[in-house]
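Working notes, structure below.
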Amino acid sequence: MTEQTSAPQEGQKKAQKDKLPEQTRVRREKLVNMRELGQAYPNTWRSNASLLDLHQQYDDVDQESLADKGIEVSIAGRVMAHRVMGKSSFVKIQDKNSDMQLFLNRDNLGGAEVYNPTKKWDLGDIIGATGTLFFTKTGELSIKVFQVEIITKCLRPLPDKMQGLSDIETRYRQRYVDLIVTPESRDTFRTRSKIVSLLRHGLEAKDFMEVETPMLQTQAGGAAAKPFFTHHNALNMELSLRIAPELYLKRLLVGGFERVFEINRNFRNEGLDATHNPEFTMVEFYQAYADFNNAMDTTESLIKDIASGINAQQVSWEGVDIDFSQAFKRIRLDESVFEHRPDLRGHETDKALLATVCLQEIPDFKPLISWKAGHYLLALFEALVEPKITQPTFITHYPVDVSPLARRNNEDDNVTDRFELFVAGREIANGFSELNDPDDQRSRFVAQAQAKAAGDAEATGIDDDYLRALEFGMPPAAGVGIGVDRLVMMLTGQHSIRDVLLFPHMRPE
């Protein structure tokens, strides 16, 4: 039976092998030889230096002095260029943050038995090498290798070094390849990491405590968005992935933690475009005994410090030159609309008039039945004002109708102590003085539930446990949510959220 089945299996393997692209087939044949010699995928190589550190320490050292020191290093990296010249080779390798040239010579490596296999290396192979630092005749810091080992065989050819990974969709789907061949992509994600670090340390320096709250929730809340749902088998209950951590963070204010923040992953079942991904990162922070003016101050300070920390105080984004060194402008939402439609001043609560103006000003306008005057005023802002904002601007005093979690303004109960920060026509942050009146909060939850029943898929329901928490007493407070992905886009000059997400969501291939 074994003899009868082995032939078809061997034939199948041969057919599969014949279908492989030529370069992949040749690379796999080299891997077969490595396996026969017991050299495939070892995990014994250890480096004692990074290429960037070596450049920083020795690029400016006198050549003779470097030669006299005889500095020995062990490094590892991916082969990005390979030039063979008989008994000698020059190999350019790349590690996590830099590259360097290696000089291989048959005699230095101990003979042809060791040297000749190196001539068969392919671009993309990962190697380890030990040698001494020296400068070439052209003054390039290099390593004269006397010990070398192939660590990982690259079985697929890298993109052409001149064109790189030119197809944008492939860059997103195969980010691992994009990172290998596109230095700009690596730089963007290093900068993203630094931005998140500066954000964290900036809040900690202001005495905020980092916390973690549930990502699986029984009641989605804290934002107007469609949630993702899942089922928990053991408890036999439906759960939603969080759309925001807000209501849990404010529960912690009730518990006595007066300054808290969370750098969190949120999930919203919405479309994908240049600034939206169904899974995204935000930071939310809450401060007891503070109002939305304090929250704006903190937000402005954080963003300015981050921009300064990555040398991005002046950047170009969305075709706009942005200056973060200047004070951020602050203007009421209704006043910003009046600048475009002065005839509406004094009529900001007239639902019928605002609806008529929306029909005039907004193409394909489609209001919901549940909309009130505040919804129409916000729609006018989004159509007339938002796209024209260039420099960092806080839009304040949002209508109560569109701010179910924000505290009413003391002088005008039609609006709330809420703000959003816009830059180059994009929302970057949202914050407000928190609503801590449990009865007012309940009435707004009821209004949200009614809107949901009327067809508003982004409206939330009634969170009874959160209302119970408020009944124990939440101190007056302010909170802010900042979109980390958009912040990174802005500070790195990227125009698509996919360029700042390592693995953006896409349709299956």
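Residues are referred to by chain and number: the chain letter is A, B, ... according to the order shown in the structure tokens, the number counts from 1 in that chain, and ligands are numbered separately from 1 in the order shown.
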
Could you list, as number ranges by chain, every residue within 8 Å of segment 293-309 of chain A, counting only C-alpha atoms and ignoring same-chain residues fewer than 3 positions away? A: 195, 198-199, 202-203, 290, 312-313, 324-325, 328, 394, 419, 431-432, 478-480, 491

Skipping near chain neighbours, those fewer than 4 positions away, what residues fall within 8 Å of segment 174-181 of chain A using only C-alpha atoms, listed as a PyMOL selection string? chain A and resi 158-159+161+164-165+170+185-186+502-503

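Minimum atom-to-atom distances from A:Val32, A:Ala224, A:Ala76, A:Ile497 to Glu279 of chain A were compared using only C-alpha atoms, and the lowest value belongs to A:Ile497.
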
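Using only C-alpha atoms, the residues found no farther than 10 Å from Glu339 of chain A, other than those of its own chain fewer than 6 positions away, are Arg345, Leu384 and Val385 of chain A.
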
Please return, as number ranges by chain, all residues of segment 147-329 of chain A that DSSP assigns to helix (DSSP H, G or I) on the basis of the backbone. A: 168-173, 175-181, 183-205, 246-255, 292-309

Residue nearest Glu471 of chain A among A:Leu37, A:Val91, A:Val254, A:Ile143 (counting only C-alpha atoms): A:Val254

I'd like to know which residues of segment 31-279 of chain A are strand (DSSP E or B) (by DSSP, run on the backbone); could you write them as an mmCIF file with C-alpha atoms, in the first residue's frame?
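See selection-v6.cif below for the written result:
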```cif
data_model
loop_
_atom_site.group_PDB
_atom_site.id
_atom_site.type_symbol
_atom_site.label_atom_id
_atom_site.label_comp_id
_atom_site.auth_asym_id
_atom_site.auth_seq_id
_atom_site.Cartn_x
_atom_site.Cartn_y
_atom_site.Cartn_z
ATOM 1 C CA GLU A 72 35.544 43.180 16.931
ATOM 2 C CA VAL A 73 31.741 43.025 16.593
ATOM 3 C CA SER A 74 29.068 40.421 15.966
ATOM 4 C CA ILE A 75 26.026 41.618 14.028
ATOM 5 C CA ALA A 76 23.053 40.188 12.131
ATOM 6 C CA GLY A 77 20.847 41.478 9.361
ATOM 7 C CA ARG A 78 19.095 40.939 6.062
ATOM 8 C CA VAL A 79 21.072 40.876 2.797
ATOM 9 C CA MET A 80 19.982 43.862 0.700
ATOM 10 C CA ALA A 81 22.832 43.949 -1.831
ATOM 11 C CA HIS A 82 25.494 41.390 -2.789
ATOM 12 C CA ARG A 83 28.447 42.007 -5.105
ATOM 13 C CA VAL A 84 30.767 39.034 -5.748
ATOM 14 C CA MET A 85 34.254 39.671 -7.168
ATOM 15 C CA SER A 88 36.023 38.613 -2.320
ATOM 16 C CA SER A 89 32.454 39.883 -1.859
ATOM 17 C CA PHE A 90 30.773 43.025 -0.612
ATOM 18 C CA VAL A 91 27.451 42.480 1.155
ATOM 19 C CA LYS A 92 25.094 45.230 2.329
ATOM 20 C CA ILE A 93 22.974 44.119 5.269
ATOM 21 C CA GLN A 94 20.092 45.844 7.035
ATOM 22 C CA ASP A 99 22.552 49.200 7.275
ATOM 23 C CA MET A 100 26.258 48.428 6.824
ATOM 24 C CA GLN A 101 28.663 46.941 4.337
ATOM 25 C CA LEU A 102 30.423 43.642 5.018
ATOM 26 C CA PHE A 103 33.673 42.642 3.329
ATOM 27 C CA LEU A 104 34.044 38.879 2.796
ATOM 28 C CA ASN A 105 37.312 37.360 1.619
ATOM 29 C CA ILE A 126 19.298 36.820 7.007
ATOM 30 C CA ILE A 127 22.918 36.278 8.047
ATOM 31 C CA GLY A 128 25.123 36.695 11.091
ATOM 32 C CA ALA A 129 28.710 37.887 10.877
ATOM 33 C CA THR A 130 31.648 38.541 13.193
ATOM 34 C CA GLY A 131 34.534 40.730 12.141
ATOM 35 C CA THR A 132 36.529 43.898 12.754
ATOM 36 C CA LEU A 133 35.525 47.444 11.918
ATOM 37 C CA PHE A 134 37.443 49.272 9.208
ATOM 38 C CA PHE A 135 37.044 52.030 6.641
ATOM 39 C CA LEU A 141 32.536 52.203 7.725
ATOM 40 C CA SER A 142 32.456 48.446 7.074
ATOM 41 C CA ILE A 143 33.130 45.102 8.745
ATOM 42 C CA LYS A 144 35.938 42.789 7.658
ATOM 43 C CA VAL A 145 34.314 39.412 8.321
ATOM 44 C CA PHE A 146 36.141 36.319 9.589
ATOM 45 C CA GLN A 147 33.095 34.312 10.730
ATOM 46 C CA VAL A 148 29.726 34.151 8.969
ATOM 47 C CA GLU A 149 26.548 32.103 9.087
ATOM 48 C CA ILE A 150 23.248 32.083 7.193
ATOM 49 C CA ILE A 151 20.482 32.232 9.778
ATOM 50 C CA THR A 152 17.280 32.326 7.728
ATOM 51 C CA MET A 209 -2.797 57.050 36.186
ATOM 52 C CA GLU A 210 -2.933 54.553 33.328
ATOM 53 C CA LEU A 216 -15.978 43.152 25.833
ATOM 54 C CA GLN A 217 -18.990 44.985 27.216
ATOM 55 C CA PHE A 229 -21.355 41.945 18.523
ATOM 56 C CA THR A 230 -20.213 38.525 19.660
ATOM 57 C CA HIS A 231 -21.570 35.724 21.821
ATOM 58 C CA HIS A 232 -20.040 34.397 25.011
ATOM 59 C CA MET A 237 -24.982 36.164 26.489
ATOM 60 C CA GLU A 238 -24.412 38.690 23.760
ATOM 61 C CA LEU A 239 -21.516 41.076 24.195
ATOM 62 C CA SER A 240 -20.263 43.989 22.139
ATOM 63 C CA LEU A 241 -16.740 45.096 21.436
ATOM 64 C CA ARG A 259 -7.032 61.346 37.125
ATOM 65 C CA VAL A 260 -7.112 58.320 34.843
ATOM 66 C CA PHE A 261 -6.276 57.546 31.232
ATOM 67 C CA GLU A 262 -6.295 54.601 28.861
ATOM 68 C CA ILE A 263 -4.562 54.185 25.515
ATOM 69 C CA ASN A 264 -7.123 51.849 24.060
ATOM 70 C CA ARG A 265 -8.294 49.889 21.052
ATOM 71 C CA ASN A 266 -11.862 50.621 19.988
ATOM 72 C CA PHE A 267 -14.050 48.847 17.454
ATOM 73 C CA ASP A 273 -11.909 55.520 4.256
ATOM 74 C CA HIS A 276 -11.578 55.462 9.391
ATOM 75 C CA GLU A 279 -10.314 48.936 14.711
#
```

Which residues, written as a list of chain:residue names, have at least one atom at most 6 Å from Leu421 of chain A, with only C-alpha atoms counted and residues fewer than 5 positions away on the same chain left out? A:Thr393, A:Phe394, A:Glu427, A:Ile428, A:Ala429

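Take atom CA of Ser65 of chain A and atom CA of Thr138 of chain A: the distance between them is 16.5 Å.
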
Counting only C-alpha atoms, which of A:Lys388, A:Arg192, A:Arg507, A:Lys19 gets nearest to Gly493 of chain A? A:Arg192

Using only C-alpha atoms, which of the listed residues (A:Leu377, A:Asp413, A:Thr349, A:Thr136) sits closest to Ile362 of chain A? A:Leu377

Which distance in Å separates atom CA of Arg28 of chain A and atom CA of Lys153 of chain A, to one decimal? 8.7 Å

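Note that the spacing between atom CA of Arg27 of chain A and atom CA of Gly124 of chain A amounts to 10.8 Å.
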
Taking only C-alpha atoms into account, name the residue in A:Leu359, A:Val196, A:Leu470, A:Leu109 that is nearest to Asp439 of chain A. A:Leu470

So that I can check the surroundings of segment 459-465 of chain A, please list as a PyMOL selection string every protein, DNA and RNA residue that reaches within 12 Å of it, counting only C-alpha atoms and ignoring chain neighbours fewer than 5 positions away. chain A and resi 217-227+240+242-244+247-248+250-251+368+370-371+401-405+438-439+441-454+470-472

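You can rank A:Arg468, A:Ala383, A:Glu258, A:Asn43 by their closest distance to Asp364 of chain A using only C-alpha atoms, and at the top of that list sits A:Ala383.
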
For Glu361 of chain A, find every residue with an atom within 12 Å (counting only C-alpha atoms), except residues of its own chain fewer than 6 positions away, and show them as JSON, numbers by chain. {"A": [337, 340, 341, 354, 355, 376, 377, 379, 380, 381, 382, 383, 384, 385]}

Same residues, N, CA and C atoms, saved as a CSV table (one decimal), in the first residue's frame:
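Generated output (result.csv):
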```
chain,number,residue,atom,x,y,z
A,337,VAL,N,-20.9,78.8,12.6
A,337,VAL,CA,-22.0,78.7,11.6
A,337,VAL,C,-22.5,80.0,11.2
A,340,HIS,N,-20.8,82.0,8.4
A,340,HIS,CA,-21.2,81.6,7.1
A,340,HIS,C,-22.6,81.9,6.8
A,341,ARG,N,-23.5,81.8,7.8
A,341,ARG,CA,-24.9,82.1,7.6
A,341,ARG,C,-25.4,83.1,8.7
A,354,LEU,N,-33.7,75.6,10.5
A,354,LEU,CA,-32.4,74.9,10.3
A,354,LEU,C,-32.6,73.8,9.3
A,355,ALA,N,-33.7,73.0,9.3
A,355,ALA,CA,-33.9,72.0,8.4
A,355,ALA,C,-34.0,72.5,6.9
A,376,TYR,N,-29.5,69.5,13.2
A,376,TYR,CA,-29.4,70.3,12.0
A,376,TYR,C,-28.3,71.3,12.1
A,377,LEU,N,-28.1,71.9,13.3
A,377,LEU,CA,-27.1,72.9,13.4
A,377,LEU,C,-25.7,72.2,13.2
A,379,ALA,N,-25.1,69.5,11.5
A,379,ALA,CA,-25.0,69.2,10.1
A,379,ALA,C,-24.5,70.4,9.3
A,380,LEU,N,-25.0,71.6,9.6
A,380,LEU,CA,-24.6,72.8,8.9
A,380,LEU,C,-23.1,73.1,9.2
A,381,PHE,N,-22.7,72.9,10.5
A,381,PHE,CA,-21.3,73.1,10.8
A,381,PHE,C,-20.4,72.1,10.0
A,382,GLU,N,-20.8,70.8,9.9
A,382,GLU,CA,-20.0,69.9,9.2
A,382,GLU,C,-19.9,70.2,7.7
A,383,ALA,N,-20.9,70.8,7.2
A,383,ALA,CA,-20.9,71.1,5.8
A,383,ALA,C,-20.3,72.4,5.4
A,384,LEU,N,-20.5,73.4,6.2
A,384,LEU,CA,-20.0,74.8,5.9
A,384,LEU,C,-18.7,75.1,6.5
A,385,VAL,N,-18.4,74.6,7.7
A,385,VAL,CA,-17.3,75.1,8.5
A,385,VAL,C,-16.2,74.1,8.6
```
